[in-house]
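File shown: coords-v1.cif (mmCIF, C-alpha atoms).
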data_upload
loop_
_atom_site.label_atom_id
_atom_site.label_comp_id
_atom_site.auth_asym_id
_atom_site.auth_seq_id
_atom_site.Cartn_x
_atom_site.Cartn_y
_atom_site.Cartn_z
CA MET A 435 140.38 80.81 102.21
CA SER A 436 139.11 79.18 99.03
CA ARG A 437 136.98 81.02 96.53
CA ARG A 438 134.06 78.65 97.10
CA HIS A 439 134.24 79.18 100.85
CA LEU A 440 134.25 82.95 100.35
CA ARG A 441 131.18 82.74 98.08
CA ARG A 442 129.37 80.65 100.69
CA ARG A 443 130.20 83.16 103.43
CA ILE A 444 128.94 86.05 101.32
CA HIS A 445 125.75 84.15 100.50
CA ARG A 446 125.17 83.34 104.17
CA ALA A 447 125.64 87.00 105.10
CA LEU A 448 123.25 88.26 102.41
CA VAL A 449 120.39 85.80 102.97
CA PRO A 450 119.19 87.28 106.31
CA ILE A 451 119.42 90.80 104.88
CA ALA A 452 117.27 89.78 101.90
CA ALA A 453 114.86 87.70 103.96
CA VAL A 454 113.76 90.51 106.29
CA PRO A 455 111.92 92.64 103.70
CA LEU A 456 110.46 89.53 102.07
CA ILE A 457 109.11 88.26 105.39
CA ILE A 458 107.74 91.71 106.30
CA THR A 459 105.98 91.96 102.93
CA ALA A 460 104.56 88.43 103.07
CA LEU A 461 103.32 88.72 106.66
CA SER A 462 101.84 92.19 106.34
CA GLY A 463 100.06 91.28 103.10
CA SER A 464 98.67 88.05 104.53
CA ILE A 465 97.53 89.64 107.78
CA TYR A 466 95.98 92.57 105.90
CA GLY A 467 94.03 90.17 103.68
CA LEU A 468 92.78 88.19 106.69
CA MET A 469 91.75 91.32 108.54
CA LEU A 470 89.99 92.75 105.48
CA ALA A 471 88.08 89.48 105.06
CA ASN A 472 86.80 90.00 108.62
CA ASN A 473 85.74 93.59 107.84
CA ILE A 474 88.64 95.07 109.80
CA ASP A 475 90.35 97.86 107.93
CA ALA A 476 94.02 98.05 108.92
CA PHE A 477 95.33 100.48 106.34
CA TRP A 478 98.58 100.86 108.28
CA LEU A 479 99.40 97.23 107.38
CA LEU A 480 99.07 98.09 103.71
CA LYS A 481 101.55 100.91 104.22
CA VAL A 482 104.02 98.54 105.89
CA HIS A 483 103.42 96.06 103.07
CA THR A 484 104.48 98.66 100.50
CA GLY A 485 107.54 99.92 102.41
CA ASN A 486 106.27 102.83 104.49
CA PHE A 487 107.75 102.30 107.95
CA GLY A 488 106.67 105.57 109.52
CA MET A 489 109.76 107.77 109.75
CA LEU A 490 111.48 105.62 107.12
CA ASN A 491 109.46 105.76 103.90
CA LEU A 492 110.92 103.41 101.31
CA GLN A 493 107.77 103.17 99.15
CA PRO A 494 109.36 104.58 95.98
CA TYR A 495 112.23 102.07 96.20
CA TYR A 496 110.79 99.12 98.13
CA SER A 497 109.75 96.98 95.14
CA ALA A 498 113.11 97.51 93.46
CA ILE A 499 114.97 96.69 96.69
CA ILE A 500 113.04 93.44 97.14
CA GLY A 501 113.50 92.50 93.48
CA ILE A 502 117.24 93.21 93.45
CA LEU A 503 117.85 91.36 96.74
CA THR A 504 115.86 88.38 95.50
CA LEU A 505 117.85 88.25 92.26
CA ILE A 506 121.18 88.53 94.09
CA ILE A 507 120.33 85.71 96.47
CA ALA A 508 118.92 83.51 93.70
CA ILE A 509 121.96 84.03 91.47
CA SER A 510 124.30 83.45 94.39
CA GLY A 511 122.47 80.26 95.38
CA VAL A 512 122.46 78.90 91.85
CA GLY A 513 126.16 79.74 91.57
CA LEU A 514 126.85 77.73 94.70
CA LEU A 515 124.69 74.88 93.47
CA LEU A 516 126.38 74.67 90.09
CA GLY A 517 129.84 75.43 91.44
CA GLY A 518 130.90 71.82 91.16
CA PRO A 519 131.67 69.15 93.72
CA ARG A 520 133.33 70.03 96.98
CA LYS A 521 136.90 69.05 97.63
CA GLY A 522 137.07 65.62 99.16
CA ALA A 523 133.51 64.81 98.13
CA THR A 524 133.70 61.46 96.37
CA SER A 525 131.12 58.82 95.73
CA LEU A 526 131.38 55.53 97.52
CA SER A 527 133.02 52.75 95.61
CA SER A 528 131.21 49.43 95.34
CA LYS A 529 133.53 47.98 98.02
CA GLU A 530 132.74 50.84 100.41
CA LYS A 531 129.00 50.46 99.68
CA ASP A 532 129.21 46.81 100.72
CA GLN A 533 130.77 47.88 104.01
CA GLU A 534 128.36 50.79 104.55
CA PRO A 535 125.74 49.94 107.22
CA GLY A 536 122.20 49.94 105.86
CA TYR A 537 123.32 49.46 102.26
CA GLU A 538 122.06 46.23 100.85
CA ASN A 539 123.64 44.75 97.78
CA HIS A 540 121.15 42.49 96.02
CA GLY A 541 123.63 41.15 93.52
CA THR A 542 123.44 44.11 91.18
#
So, in terms of structure tokens, how does the structure I just supplied come out?
Amino acid sequence: MSRRHLRRRIHRALVPIAAVPLIITALSGSIYGLMLANNIDAFWLLKVHTGNFGMLNLQPYYSAIIGILTLIIAISGVGLLLGGPRKGATSLSSKEKDQEPGYENHGT
């Protein structure tokens, strides 16, 4: 297995893990704001928003967890983006472009 393929597999495995707390935070914060605007106090949503999940209280660590996961995924994604061209990925030559359907050569 190539190094690039391994990095892509690791990135794909980490993205869902990092997305869950981000989605929970975004949804609970948005719903709490909407409910508060309608004079409905749902303090439990604010607790979920800050990492208190009842029996599992991550409030002291939740911001750091979200920040670290976001940085890891961002760095991993940028690393994949800047990792260079894939093997076998070549641009079309002018002859291939002429033969490519939908490509119009206007004499340039």
Problem - Neighbour list for stretch 436-447 of chain A as a PyMOL selection string, cut-off 7 Å, all atoms listed in the file, skip fewer than 3 positions in-chain - result: chain A and resi 450+507+510
Exercise for the section: Show which residues sit within 12 Å of A:Ser497, as a VMD selection string. Count all atoms listed in the file, and ignore same-chain residues fewer than 6 positions away. Expected result: chain A and resid 455 to 456 459 483 to 486 503 to 504
Handout entry: Between atom CA of A:Ala498 and atom CA of A:Ala471, distance in Å (one decimal)
Key = 28.7 Å
Practice task
Apply the PyMOL selection byres ((chain A and resi 462) around 8) to the displayed file and report the matching residues as number ranges by chain.
Solution key: A: 458-461, 463-466, 479-480, 482-483
Completion exercise
Counting only C-alpha atoms, closest pick from A:Ile451, A:Met435, A:Leu514, A:Leu468 relative to A:Ile500 is A:Ile451
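Reported to one decimal place, the separation of atom CA of A:Ala452 from atom CA of A:Leu505 is 9.8 Å.
Note that the spacing between atom CA of A:Ile502 and atom CA of A:Val454 amounts to 13.6 Å.
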Using the partial input, fill out stretch 468-488 of chain A with N, CA and C atoms; write the result as a short mmCIF file (atom, residue, chain, number, x, y, z; two decimals), keeping the file's coordinate frame.
data_model
loop_
_atom_site.label_atom_id
_atom_site.label_comp_id
_atom_site.auth_asym_id
_atom_site.auth_seq_id
_atom_site.Cartn_x
_atom_site.Cartn_y
_atom_site.Cartn_z
N LEU A 468 93.63 88.86 105.68
CA LEU A 468 92.78 88.19 106.69
C LEU A 468 91.92 89.19 107.44
N MET A 469 92.51 90.31 107.79
CA MET A 469 91.75 91.32 108.54
C MET A 469 90.67 91.94 107.66
N LEU A 470 90.96 92.18 106.40
CA LEU A 470 89.99 92.75 105.48
C LEU A 470 88.83 91.78 105.25
N ALA A 471 89.13 90.48 105.22
CA ALA A 471 88.08 89.48 105.06
C ALA A 471 87.13 89.47 106.25
N ASN A 472 87.61 89.91 107.40
CA ASN A 472 86.80 90.00 108.62
C ASN A 472 86.27 91.41 108.85
N ASN A 473 86.24 92.21 107.79
CA ASN A 473 85.74 93.59 107.84
C ASN A 473 86.49 94.47 108.82
N ILE A 474 87.77 94.22 108.97
CA ILE A 474 88.64 95.07 109.80
C ILE A 474 89.59 95.78 108.85
N ASP A 475 89.49 97.10 108.83
CA ASP A 475 90.35 97.86 107.93
C ASP A 475 91.62 98.28 108.69
N ALA A 476 92.73 97.71 108.31
CA ALA A 476 94.02 98.05 108.92
C ALA A 476 94.91 98.62 107.83
N PHE A 477 94.61 99.85 107.45
CA PHE A 477 95.33 100.48 106.34
C PHE A 477 96.82 100.62 106.64
N TRP A 478 97.17 100.73 107.91
CA TRP A 478 98.58 100.86 108.28
C TRP A 478 99.38 99.62 107.85
N LEU A 479 98.72 98.44 107.84
CA LEU A 479 99.40 97.23 107.38
C LEU A 479 99.72 97.30 105.89
N LEU A 480 98.83 97.92 105.15
CA LEU A 480 99.07 98.09 103.71
C LEU A 480 100.26 99.01 103.47
N LYS A 481 100.40 100.01 104.33
CA LYS A 481 101.55 100.91 104.22
C LYS A 481 102.85 100.16 104.52
N VAL A 482 102.84 99.34 105.56
CA VAL A 482 104.02 98.54 105.89
C VAL A 482 104.31 97.58 104.74
N HIS A 483 103.27 97.01 104.18
CA HIS A 483 103.42 96.06 103.07
C HIS A 483 104.12 96.69 101.86
N THR A 484 103.90 97.98 101.66
CA THR A 484 104.48 98.66 100.50
C THR A 484 105.75 99.43 100.84
N GLY A 485 106.25 99.33 102.07
CA GLY A 485 107.54 99.92 102.41
C GLY A 485 107.51 101.22 103.17
N ASN A 486 106.35 101.62 103.68
CA ASN A 486 106.27 102.83 104.49
C ASN A 486 106.37 102.43 105.96
N PHE A 487 107.51 102.69 106.56
CA PHE A 487 107.75 102.30 107.95
C PHE A 487 107.74 103.52 108.87
N GLY A 488 106.77 104.38 108.68
CA GLY A 488 106.67 105.57 109.52
C GLY A 488 107.72 106.60 109.14
#
